[in-house]
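Here the structure comes first, spelled out in structure tokens, and everything after it is commentary.
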There are 2 protein chains.
Amino acid sequence: MAITIKDIAKKANVSITTVSRVLNNKTEGIGEETRKRVLDIIEELDYRPNTIARSMVTKQTNTIGLIIPDIRNPFFPELVRGVEDFANDAGYSVFLCNTDGSIKREVEALRLMKEKNVDGIVFTYSHATTKHPFQSLVHRHRIPVVLLDRGLDGEKYSGVYTDNEKAGYIATKHLIDLSHVQIGCITGPEHVQNSKDRLKGYMKALNQAGIPVDHRRIVSGDYQLEGGYRAAKALLEKGHVTAIFAFNDLMAFGVYQAAAEMGVTIPDDLSVVGFDNLKYNRLLQPKLTTIEQPTYEMGKTATELLLQQIRESKRVKTQTIYLDPSLIIRNSTKKRRTEDD
Amino acid sequence: MAITIKDIAKKANVSITTVSRVLNNKTEGIGEETRKRVLDIIEELDYRPNTIARSMVTKQTNTIGLIIPDIRNPFFPELVRGVEDFANDAGYSVFLCNTDGSIKREVEALRLMKEKNVDGIVFTYSHATTKHPFQSLVHRHRIPVVLLDRGLDGEKYSGVYTDNEKAGYIATKHLIDLSHVQIGCITGPEHVQNSKDRLKGYMKALNQAGIPVDHRRIVSGDYQLEGGYRAAKALLEKGHVTAIFAFNDLMAFGVYQAAAEMGVTIPDDLSVVGFDNLKYNRLLQPKLTTIEQPTYEMGKTATELLLQQIRESKRVKTQTIYLDPSLIIRNSTKKRRTEDD
DNA sequence: TTGTACGCGTTATCAA
DNA sequence: TTGATAACGCGTACAA
């Protein structure tokens, strides 16, 4: 059998209460002498309190859940480390759960987290619909939640996001500044909030420049390389684009592939802007102009917010934090060749 | 307050024992009628048993720990999904922990897992030294462990690996078959077992072909892009290599960068073989010849072994499983130009 | 300053 | 077929 608080108590000739006090650093009501004796014995036996038993009474597990679509999407590892590092430093462990963006699995994950009695959940919410069962679940269990990266209309829950509308705006503006007019864009899945916001920014930039929005130039992607490839093919075949704004780098990779196959040269024939500034996009030739979001930071911030919410369980007012994106100009964008050149 | 087994019992006019039986599908000793009644009420109240309380008595948490160096290394997400998917399907949750390959953090992670009472641990063991505190920890707590990807000399613990020696052999053999003689190699960190094994394979192939091993052609890397870059620069500057075998794709990426900077053309001036077959190495130009290992499968298999060990807690004999690597020939390797050409 | 005793929600043992 | 009750290991109100 594992060694328990009782064993320590017996060996130190004190009650378990006393040991418990020492364990929890209760300063008052304990003799310096006994404290030391207990501490020594704890050390000697390498005793660790049983967190399960402790949780039974404290109702806390020092554990949080992290629900994401798919860790294999290269955007997420950085985010996950942000969450993990902050959580660990604060004494929390994290359950990781992949849902592949399926509502069914999101609900399962949520239930699971509840059963595991996590103290809170960081959730990258793939479905920006208010009908998501998420709402009733969270509400019924009163479990602290912070949304991350992908949110929900309104500010009903705390959340940490990149300012996606702004990002979409500056990316598109950059292309406009390079004299591009026929600017295609490849969105993420339709139900993902950050994609919607990036699209807003895209349209805003066009409107502001007096360029009419042509819906044939807006193609749905899936945030995967393959979707970017297909979308780019469609855009390039229908012609009439001199630039493409892909809503993430992965899809921009697909654009590169499609362009290569079709004999379209980047950036001479086609300018490309991506999103995320993935570490390994430096492999691309030419180097990709892209939007950088502070991914690691986002994970950290979300976790910070969550722990805050957990500790001051009184209704801390929900906060929504938008972090600033920035445009990184490299070699995949270039001034459009005009008839005059 | 959350709803408990008591509430169900009261509402169904039965004892908690009966409810517990229904919950655990005890077939014998329960009336079909009462079972149904209880089940209905459980459904009606959407009751879920408290896993913590359950764990208190069963000594099982249905949780496993997964300890890896860094999820941001693109090799690991695939591995992690393999573990996660298998574990989840079997009703287990997984704690993820990054150690950055530091022994100190590995030990911390191990302790943490122990405190969280995980039923078992999947561990990618960065330090193939028998002095690792890991040993005493695991032994003292009698906690099932399966090593993954990176092991330990000997077969003291169950483990799932790629047959790295074979992989190193076929990669090198491929270069030799292309008439290369001056073949450099960039290893992983020195204390990592899989790097040692790959090196064995490399040497074996050279020996078999009667090519003397030149230790100036063996450079230590770190399994990171940057280390591959530095090592490649060293190899190319000292000259005398017409081919490089990088012990992972990430470092092969670094080789590409170094080559580009130094005006060395792949594959005309330099053949390159990588290792891992990362999904996004398809972005490289020319496409990378590499070793594929069944990463996802490895994660699955390791978890399968672990759960087996957990369930049949009687000393299941330790198993070591080697999965087969395969060589994927693309465009980064080419027959060496000889003086006769 | 220290200790006794109860409760957390569940399973398991034994009796009815 | 069912139920009363003792564990599991810890924190804590209350008593000493």
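Just remember, in the structure tokens the first chain shown is A, the second B, etc., residues are 1-based per chain, and ligands are 1-based in the order shown.
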
Give me the chain B side of the contact with chain A, cut-off 8 Å, one line per residue showing its nearest atom pair and distance in Å at one decimal, counting only C-alpha atoms, sorted by chain and residue number, as a Markdown table.
| residue | atom | partner | partner_atom | distance |
| --- | --- | --- | --- | --- |
| B:Arg48 | CA | A:Glu115 | CA | 7.0 |
| B:Pro49 | CA | A:Glu115 | CA | 7.5 |
| B:Asn50 | CA | A:Glu115 | CA | 6.5 |
| B:Thr51 | CA | A:Glu115 | CA | 6.2 |
| B:Ile52 | CA | A:Ile52 | CA | 6.3 |
| B:Ala53 | CA | A:Met56 | CA | 6.5 |
| B:Ser55 | CA | A:Ile52 | CA | 7.4 |
| B:Met56 | CA | A:Ala53 | CA | 6.5 |
| B:Ile71 | CA | A:Pro77 | CA | 5.6 |
| B:Arg72 | CA | A:Pro77 | CA | 5.0 |
| B:Pro74 | CA | A:Pro74 | CA | 7.5 |
| B:Pro77 | CA | A:Arg72 | CA | 5.1 |
| B:Glu78 | CA | A:Arg72 | CA | 6.0 |
| B:Arg81 | CA | A:Ile71 | CA | 7.3 |
| B:Glu84 | CA | A:Cys97 | CA | 7.6 |
| B:Ser93 | CA | A:Phe95 | CA | 7.0 |
| B:Val94 | CA | A:Phe95 | CA | 5.8 |
| B:Phe95 | CA | A:Phe95 | CA | 4.8 |
| B:Leu96 | CA | A:Val94 | CA | 6.5 |
| B:Cys97 | CA | A:Glu84 | CA | 7.6 |
| B:Asn98 | CA | A:Arg81 | CA | 8.0 |
| B:Glu115 | CA | A:Thr51 | CA | 6.3 |
| B:Lys116 | CA | A:Thr51 | CA | 6.4 |
| B:Asn117 | CA | A:Ile52 | CA | 7.7 |
| B:Phe253 | CA | A:Leu283 | CA | 7.3 |
| B:Leu283 | CA | A:Leu284 | CA | 6.2 |
| B:Leu284 | CA | A:Leu283 | CA | 6.2 |
| B:Gln285 | CA | A:Gln285 | CA | 8.0 |

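Using only C-alpha atoms (C1' of nucleotides), the chain D residues found within 7 Å of chain A amount to DG9, DC10 and DG11 of chain D.
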
Can you spit out the residues from that selection as a PDB file, in the first residue's frame, using N, CA, C and O atoms (P, O5', C5', C4', C3', O3' and C1' of nucleotides)?
ATOM      1  P    DG D   9      -5.983   4.573   1.563  1.00  0.00           P
ATOM      2  O5'  DG D   9      -5.907   6.155   1.657  1.00  0.00           O
ATOM      3  C5'  DG D   9      -5.698   6.898   0.476  1.00  0.00           C
ATOM      4  C4'  DG D   9      -5.903   8.357   0.783  1.00  0.00           C
ATOM      5  C3'  DG D   9      -5.047   8.884   1.932  1.00  0.00           C
ATOM      6  O3'  DG D   9      -4.402  10.043   1.464  1.00  0.00           O
ATOM      7  C1'  DG D   9      -7.310   9.441   2.272  1.00  0.00           C
ATOM      8  P    DC D  10      -3.503  10.951   2.356  1.00  0.00           P
ATOM      9  O5'  DC D  10      -4.488  12.151   2.645  1.00  0.00           O
ATOM     10  C5'  DC D  10      -4.776  13.071   1.594  1.00  0.00           C
ATOM     11  C4'  DC D  10      -5.993  13.858   1.944  1.00  0.00           C
ATOM     12  C3'  DC D  10      -5.765  14.967   2.958  1.00  0.00           C
ATOM     13  O3'  DC D  10      -5.620  16.183   2.242  1.00  0.00           O
ATOM     14  C1'  DC D  10      -7.852  13.805   3.276  1.00  0.00           C
ATOM     15  P    DG D  11      -5.215  17.518   3.050  1.00  0.00           P
ATOM     16  O5'  DG D  11      -6.638  18.094   3.485  1.00  0.00           O
ATOM     17  C5'  DG D  11      -7.470  18.649   2.486  1.00  0.00           C
ATOM     18  C4'  DG D  11      -8.733  19.212   3.107  1.00  0.00           C
ATOM     19  C3'  DG D  11      -8.510  20.383   4.069  1.00  0.00           C
ATOM     20  O3'  DG D  11      -9.602  21.270   3.880  1.00  0.00           O
ATOM     21  C1'  DG D  11      -9.589  18.623   5.225  1.00  0.00           C
TER      22       DG D  11
END

Nearby residues (only C-alpha atoms (C1' of nucleotides)) at most 10 Å from His240 (chain B), same-chain spacing under 6 positions excluded, as a PDB file with all heavy atoms, in the first residue's frame:
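Contents of the output file around_37.pdb:
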ATOM      1  N   VAL B 181      30.312   8.130 -51.715  1.00  0.00           N
ATOM      2  CA  VAL B 181      31.293   7.548 -50.819  1.00  0.00           C
ATOM      3  C   VAL B 181      31.511   8.495 -49.630  1.00  0.00           C
ATOM      4  O   VAL B 181      31.544   8.088 -48.479  1.00  0.00           O
ATOM      5  CB  VAL B 181      32.633   7.348 -51.561  1.00  0.00           C
ATOM      6  CG1 VAL B 181      33.702   6.876 -50.581  1.00  0.00           C
ATOM      7  CG2 VAL B 181      32.464   6.366 -52.709  1.00  0.00           C
ATOM      8  N   GLN B 182      31.599   9.761 -49.978  1.00  0.00           N
ATOM      9  CA  GLN B 182      31.805  10.767 -48.936  1.00  0.00           C
ATOM     10  C   GLN B 182      30.437  11.197 -48.394  1.00  0.00           C
ATOM     11  O   GLN B 182      29.867  12.206 -48.817  1.00  0.00           O
ATOM     12  CB  GLN B 182      32.587  11.938 -49.520  1.00  0.00           C
ATOM     13  CG  GLN B 182      34.007  11.519 -49.868  1.00  0.00           C
ATOM     14  CD  GLN B 182      34.570  12.288 -51.036  1.00  0.00           C
ATOM     15  OE1 GLN B 182      33.814  12.793 -51.877  1.00  0.00           O
ATOM     16  NE2 GLN B 182      35.890  12.364 -51.109  1.00  0.00           N
ATOM     17  N   ILE B 183      29.964  10.409 -47.475  1.00  0.00           N
ATOM     18  CA  ILE B 183      28.609  10.613 -46.970  1.00  0.00           C
ATOM     19  C   ILE B 183      28.658  11.153 -45.550  1.00  0.00           C
ATOM     20  O   ILE B 183      29.112  10.471 -44.629  1.00  0.00           O
ATOM     21  CB  ILE B 183      27.839   9.285 -46.974  1.00  0.00           C
ATOM     22  CG1 ILE B 183      27.815   8.707 -48.399  1.00  0.00           C
ATOM     23  CG2 ILE B 183      26.432   9.478 -46.427  1.00  0.00           C
ATOM     24  CD1 ILE B 183      27.250   7.315 -48.504  1.00  0.00           C
ATOM     25  N   GLY B 184      28.209  12.384 -45.386  1.00  0.00           N
ATOM     26  CA  GLY B 184      28.171  12.955 -44.043  1.00  0.00           C
ATOM     27  C   GLY B 184      26.899  12.542 -43.339  1.00  0.00           C
ATOM     28  O   GLY B 184      25.917  12.168 -43.974  1.00  0.00           O
ATOM     29  N   ARG B 216      35.127  12.738 -39.013  1.00  0.00           N
ATOM     30  CA  ARG B 216      34.916  14.162 -39.282  1.00  0.00           C
ATOM     31  C   ARG B 216      33.636  14.374 -40.091  1.00  0.00           C
ATOM     32  O   ARG B 216      33.151  15.489 -40.244  1.00  0.00           O
ATOM     33  CB  ARG B 216      36.111  14.723 -40.057  1.00  0.00           C
ATOM     34  CG  ARG B 216      37.361  14.852 -39.190  1.00  0.00           C
ATOM     35  CD  ARG B 216      38.553  15.117 -40.053  1.00  0.00           C
ATOM     36  NE  ARG B 216      38.648  14.105 -41.093  1.00  0.00           N
ATOM     37  CZ  ARG B 216      39.626  14.066 -42.009  1.00  0.00           C
ATOM     38  NH1 ARG B 216      40.562  14.988 -42.018  1.00  0.00           N
ATOM     39  NH2 ARG B 216      39.653  13.101 -42.920  1.00  0.00           N
ATOM     40  N   ARG B 217      33.110  13.289 -40.609  1.00  0.00           N
ATOM     41  CA  ARG B 217      31.867  13.405 -41.380  1.00  0.00           C
ATOM     42  C   ARG B 217      30.625  13.126 -40.533  1.00  0.00           C
ATOM     43  O   ARG B 217      29.512  13.082 -41.050  1.00  0.00           O
ATOM     44  CB  ARG B 217      31.906  12.437 -42.572  1.00  0.00           C
ATOM     45  CG  ARG B 217      33.009  12.771 -43.555  1.00  0.00           C
ATOM     46  CD  ARG B 217      32.636  12.444 -44.969  1.00  0.00           C
ATOM     47  NE  ARG B 217      33.738  12.794 -45.865  1.00  0.00           N
ATOM     48  CZ  ARG B 217      34.664  11.919 -46.279  1.00  0.00           C
ATOM     49  NH1 ARG B 217      34.608  10.656 -45.912  1.00  0.00           N
ATOM     50  NH2 ARG B 217      35.633  12.329 -47.085  1.00  0.00           N
TER      51      ARG B 217
END

Taking the chain letters and numbering used in this document, name the residues of region 177-235 of chain B that DSSP puts in strand (DSSP E or B), as a PyMOL selection string. chain B and resi 183-187+218-220

Just-selected residues, C-alpha atoms written as a compact mmCIF listing (two decimals), in the first residue's frame:
# COMPACT_ATOMS: atom_id res chain seq x y z
CA ILE B 183 28.61 10.61 -46.97
CA GLY B 184 28.17 12.95 -44.04
CA CYS B 185 25.65 12.43 -41.34
CA ILE B 186 23.99 14.73 -38.84
CA THR B 187 22.94 12.96 -35.69
CA ILE B 218 29.73 12.65 -38.35
CA VAL B 219 28.40 15.85 -36.85
CA SER B 220 26.19 16.22 -33.80

Taking only C-alpha atoms (C1' of nucleotides) into account and nothing else, which residues of chain C lie no more than 8 Å away from chain B? Please answer as a list in words. DC8, DG9, DT10 and DT11 of chain C
